[in-house]
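Okay, so here's the structure we're looking at.
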Protein chains: 2
Amino acid sequence: MGENELVERLLSGNRRALARIISKIEGEDPEVRDIISELYPHTGEAITVGFTGPPGVGKSSIIAKLIELYREEDKKVGVVSVDPSSPFTKGAILGDRIRLSDHFLDRNVFIRSMGTRGHLGGLAGASQLAGLAMEAYGMDVVLYETVGVGQGEVEVASAADTVILALQPGAGDSVQALKAGVMEIADIICINKADHPQAKGAASEVRSILEIGHELDPDAPIPPIVMTRGDNGEGVEELKEKIGEHREFLQESGRMKERHQASIREFILSWATNKMEKEMQERLSREDTELVEKVRKRELDPISAAETLYREV
Amino acid sequence: MGENELVERLLSGNRRALARIISKIEGEDPEVRDIISELYPHTGEAITVGFTGPPGVGKSSIIAKLIELYREEDKKVGVVSVDPSSPFTKGAILGDRIRLSDHFLDRNVFIRSMGTRGHLGGLAGASQLAGLAMEAYGMDVVLYETVGVGQGEVEVASAADTVILALQPGAGDSVQALKAGVMEIADIICINKADHPQAKGAASEVRSILEIGHELDPDAPIPPIVMTRGDNGEGVEELKEKIGEHREFLQESGRMKERHQASIREFILSWATNKMEKEMQERLSREDTELVEKVRKRELDPISAAETLYREV
């Protein structure tokens with residue numbers, strides 16, 4: 001089947017076509033280039049939200065509730081999950097605590113997990129392309145779920161218009177998030193397990209960290225902190241409102257444009273870099289066994305060897 | 001001060017020089033190139049061990065005990081830690097449970113944590129260079145501590161001759177480790193908290209996963225599983241023996257050479273790629289605002305834009 005037909009089917013709302021296109025993105029199919037070039041003009045209108053935080057915080061329960069709230073407004077919702085610990089990724093549904101089963105049957109919800117390795121353009125690139133496919137399919141909201149640990153995961157989330165960082169009380173999460181560079185990209189902080197005895201303490205800890213960060217960019221609003229409970233959905237309504245307010249702020253302040261520019265720049269760079277890396281990899285395995293051997297025998301140091309390869313390409 | 005003098009001081013066992021050189025590596029100082037080229041011939045003899053696993057497993061307590069055991073043999077030990085949740089990284093010492101205070105005062109032990117972002121050559125590259133500096137300083141053993149989540153962290157550990165994956169019972173860790181691609185690089189599995197009621201269950205779960213993995217490379221030995229207790233050091237002696245046995249296996253089977261080649265190849269590639277990425281980044285911010293704008297306005301798709309940048313460089 002030609003890619004045209006697949007994209008046409010996607011644009012007409014065919015769920016299977018969406019699934020197949022995302023599989024092609026995951027599989028680094030050469031067709032992806034044409035597919036993206038055709039569907040790209042049909043994107044750019046969705047609400048995009050990056051959802052990140054350490055494993056075990058309860059991101060998936062909050063997302064499940066968020067989907068529910070968006071569905072009540074008749075919005076179509078796509079989820080791209082790159083958190084290997086997520087129940088979305090595991091394909092498992094944790095009882096009714098996370099009522100995803102409903103969403104799986106809802107044709108206006110599409111949840112897709114992405115493998116965490118070996119994508120052209122990196123993990124962030126592949127996730128963004130999957131999100132674009134969802135937008136072209138007609139999703140009004142696209143959520144990116146990631147686990148906020150590595151740099152790659154931070155990139156996935158930061159490509160979205162609004163980034164939510166989920167933390168839980170009493171785990172020292174906020175300090176770790178700060179160190180991992182996640183805190184600085186968060187537009188909204190969500191403290192889950194609000195019924196935890198240390199929830200308020202966690203909120204004030206986060207607030208003081210945020211105030212320090214605020215000094216770096218005084219024009220940016222201090223991210224609001226929302227207390228949620230994934231188990232009963234408390235606070236998720238407020239979280240949704242904050243997403244809306246953040247979007248308004250971005251649009252009115254002109255920051256939306258900057259944000260899109262930055263995210264496009266990031267995509268272009270990592271795509272081109274990955275391509276370059278593959279080329280160097282091929283060259284190195286084809287020709288330069290001698291170079292590697294010299295380094296192994298301590299006749300040449302590894303940095304000089306790298307510079308040699310760099311000059312050659 | 002010239003770099004010559006700094007390297008000379010390092011080679012004569014000056015601790016300050018070691019600290020300064022690692023700081024230069026962290027700070028991407030242009031001197032690093034010359035420093036590495038001078039110290040590199042003095043490396044290659046140390047026992048290198050990568051120590052990885054999810055946060056909270058108790059890696060640091062095991063490492064503390066391992067250091068003790070190597071010190072009893074009068075071996076000098078260096079630790080490069082890139083686990084942001086590690087007490088080494090936090091600079092904190094968790095009471096006497098981890099008796100690191102002794103090691104901090106011991107001049108034959110050097111523990112250094114590395115920031116997890118923005119290194120030329122990537123996190124793995126910078127850690128390896130820090131490890132090389134430790135080898136040149138005279139360390140007989142260099143341990144790399146990482147948290148086995150992202151790809152970068154896996155790379156740090158996999159550059160070592162022997163990779164230990166630490167897991168704990170009852171956390172579903174083994175499944176996550178498998179998904180993150182850590183399991184396949186482990187030479188030894190360490191199940192910590194051996195007194196946990198589910199410890200034996202965890203061991204047999206891991207064993208069955210390993211047996212499946214073994215089918216992929218029947219010549220490789222199935223990684224041994226060692227049960228340890230970080231709190232009282234039980235089992236760490238056995239872990240040390242397994243490290244020794246693994247080294248012997250590598251040397252006798254000729255796999256040590258292959259392993260070094262692979263790790264050198266990886267270093268060269270990521271260094272050259274990072275350099276290339278910087279060049280593209282500069283070009284993109286200098287000239288190609290127009291390219292980004294076209295993508296933002298949906299006149300051009302992001303993959304085509306990336307290909308354009310790629311062709312230009």
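Lettering and numbering for the structure tokens are positional, with chains as A, B, ... in the shown order, residues counted from 1 in each chain, and ligands counted from 1 in the shown order.
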Could you pull out the strand (DSSP E or B) residues of range 174-308 of chain B, going by DSSP on the backbone, and write them as a list of chain:residue names?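 For range 174-308 of chain B, the strand (DSSP E or B) set is B:Ile188, B:Ile189, B:Cys190, B:Ile191, B:Ile225, B:Val226, B:Met227.
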Those selected residues, please, written with C-alpha atoms and delivered as a PDB file, in the first residue's frame.
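Saved result, again_27.pdb, follows:
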```pdb
ATOM      1  CA  ILE B 188      26.958 -10.493  37.574  1.00  0.00           C
ATOM      2  CA  ILE B 189      23.567 -10.028  39.188  1.00  0.00           C
ATOM      3  CA  CYS B 190      23.519  -8.960  42.783  1.00  0.00           C
ATOM      4  CA  ILE B 191      20.299  -9.303  44.732  1.00  0.00           C
ATOM      5  CA  ILE B 225      23.540 -14.379  40.991  1.00  0.00           C
ATOM      6  CA  VAL B 226      24.962 -13.248  44.317  1.00  0.00           C
ATOM      7  CA  MET B 227      22.763 -12.570  47.321  1.00  0.00           C
TER       8      MET B 227
END
```
With only C-alpha atoms as the atoms that count, which of A:Leu123, A:Ile264, A:Val77, A:Ala202 lies nearest to Leu291 in chain B?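 The shortest atom-to-atom distance to Leu291 in chain B comes from A:Ile264.
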Chain B residues near chain A (6 Å cut-off, only C-alpha atoms) as a PDB file with N, CA, C and O atoms, in the first residue's frame:
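That gives us out-v4.pdb:
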```pdb
ATOM      1  N   SER B  37      45.687  12.827  26.422  1.00  0.00           N
ATOM      2  CA  SER B  37      46.706  12.266  25.549  1.00  0.00           C
ATOM      3  C   SER B  37      47.975  11.930  26.344  1.00  0.00           C
ATOM      4  O   SER B  37      48.667  10.956  26.060  1.00  0.00           O
ATOM      5  N   TYR B  40      46.978   8.917  29.093  1.00  0.00           N
ATOM      6  CA  TYR B  40      46.406   7.672  28.572  1.00  0.00           C
ATOM      7  C   TYR B  40      47.375   6.483  28.558  1.00  0.00           C
ATOM      8  O   TYR B  40      46.981   5.365  28.911  1.00  0.00           O
ATOM      9  N   PRO B  41      48.659   6.695  28.181  1.00  0.00           N
ATOM     10  CA  PRO B  41      49.577   5.538  28.186  1.00  0.00           C
ATOM     11  C   PRO B  41      49.734   4.913  29.570  1.00  0.00           C
ATOM     12  O   PRO B  41      50.184   3.780  29.676  1.00  0.00           O
ATOM     13  N   GLY B 150      18.287   5.313  32.257  1.00  0.00           N
ATOM     14  CA  GLY B 150      18.398   5.820  30.892  1.00  0.00           C
ATOM     15  C   GLY B 150      19.506   5.132  30.105  1.00  0.00           C
ATOM     16  O   GLY B 150      20.325   4.402  30.655  1.00  0.00           O
ATOM     17  N   ILE B 268      34.753   6.749  20.905  1.00  0.00           N
ATOM     18  CA  ILE B 268      35.123   7.538  19.727  1.00  0.00           C
ATOM     19  C   ILE B 268      33.871   8.086  19.042  1.00  0.00           C
ATOM     20  O   ILE B 268      33.774   9.262  18.710  1.00  0.00           O
ATOM     21  N   ALA B 272      32.844  12.033  18.760  1.00  0.00           N
ATOM     22  CA  ALA B 272      32.761  12.670  17.438  1.00  0.00           C
ATOM     23  C   ALA B 272      31.343  13.181  17.176  1.00  0.00           C
ATOM     24  O   ALA B 272      31.148  14.268  16.633  1.00  0.00           O
ATOM     25  N   THR B 273      30.358  12.392  17.589  1.00  0.00           N
ATOM     26  CA  THR B 273      28.974  12.800  17.371  1.00  0.00           C
ATOM     27  C   THR B 273      28.634  14.066  18.149  1.00  0.00           C
ATOM     28  O   THR B 273      27.984  14.972  17.634  1.00  0.00           O
ATOM     29  N   GLU B 277      27.366  17.514  16.701  1.00  0.00           N
ATOM     30  CA  GLU B 277      26.114  18.107  17.157  1.00  0.00           C
ATOM     31  C   GLU B 277      26.324  19.573  17.533  1.00  0.00           C
ATOM     32  O   GLU B 277      25.504  20.431  17.196  1.00  0.00           O
ATOM     33  N   ARG B 298       4.288  25.397   9.144  1.00  0.00           N
ATOM     34  CA  ARG B 298       3.786  24.224   8.420  1.00  0.00           C
ATOM     35  C   ARG B 298       4.051  24.298   6.918  1.00  0.00           C
ATOM     36  O   ARG B 298       3.368  23.642   6.127  1.00  0.00           O
ATOM     37  N   ASP B 301       8.067  20.212   6.505  1.00  0.00           N
ATOM     38  CA  ASP B 301       7.940  19.305   7.643  1.00  0.00           C
ATOM     39  C   ASP B 301       9.289  19.165   8.348  1.00  0.00           C
ATOM     40  O   ASP B 301      10.348  19.421   7.754  1.00  0.00           O
ATOM     41  N   ALA B 306      15.397  18.738   8.796  1.00  0.00           N
ATOM     42  CA  ALA B 306      16.580  18.082   9.366  1.00  0.00           C
ATOM     43  C   ALA B 306      17.508  17.604   8.254  1.00  0.00           C
ATOM     44  O   ALA B 306      18.729  17.753   8.337  1.00  0.00           O
ATOM     45  N   TYR B 310      21.384  18.616   7.590  1.00  0.00           N
ATOM     46  CA  TYR B 310      22.348  17.537   7.464  1.00  0.00           C
ATOM     47  C   TYR B 310      23.179  17.702   6.194  1.00  0.00           C
ATOM     48  O   TYR B 310      24.394  17.558   6.197  1.00  0.00           O
TER      49      TYR B 310
END
```
With a distance cut-off of 7 Å and only C-alpha atoms, select the neighbouring residues of range 137-140 of chain B, excluding the residue or stretch itself and same-chain residues fewer than 3 positions from it, and output the selection as a tab-separated table (two decimals) with C-alpha atoms, in the first residue's frame.
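Wrote part-v6.tsv, looks like this:
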```tsv
chain	number	residue	atom	x	y	z
B	10	LEU	CA	48.82	13.25	38.93
B	11	LEU	CA	51.25	10.54	37.91
B	13	GLY	CA	50.16	10.43	43.10
B	18	LEU	CA	43.52	14.21	40.29
B	46	ALA	CA	42.97	-1.38	36.56
B	47	ILE	CA	40.08	-3.65	37.44
B	75	LYS	CA	44.41	-2.05	46.49
B	76	LYS	CA	43.73	1.61	45.76
B	77	VAL	CA	40.14	2.27	44.78
B	78	GLY	CA	38.47	5.03	42.75
B	133	ALA	CA	42.48	9.86	35.30
B	134	MET	CA	41.95	7.65	38.34
```
Between CA of Glu31 in chain A and CA of Glu5 in chain A, measure the distance and give it in Å to one decimal. 12.2 Å
CA of Pro223 in chain B to CA of Thr146 in chain B measures 19.1 Å
Rank nothing, just name the residue among A:Asp219, A:Glu205, A:Asp161, A:Asp187 nearest to Ser253 in chain A, using only C-alpha atoms.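 For Ser253 in chain A, the nearest of the candidates is A:Asp219.
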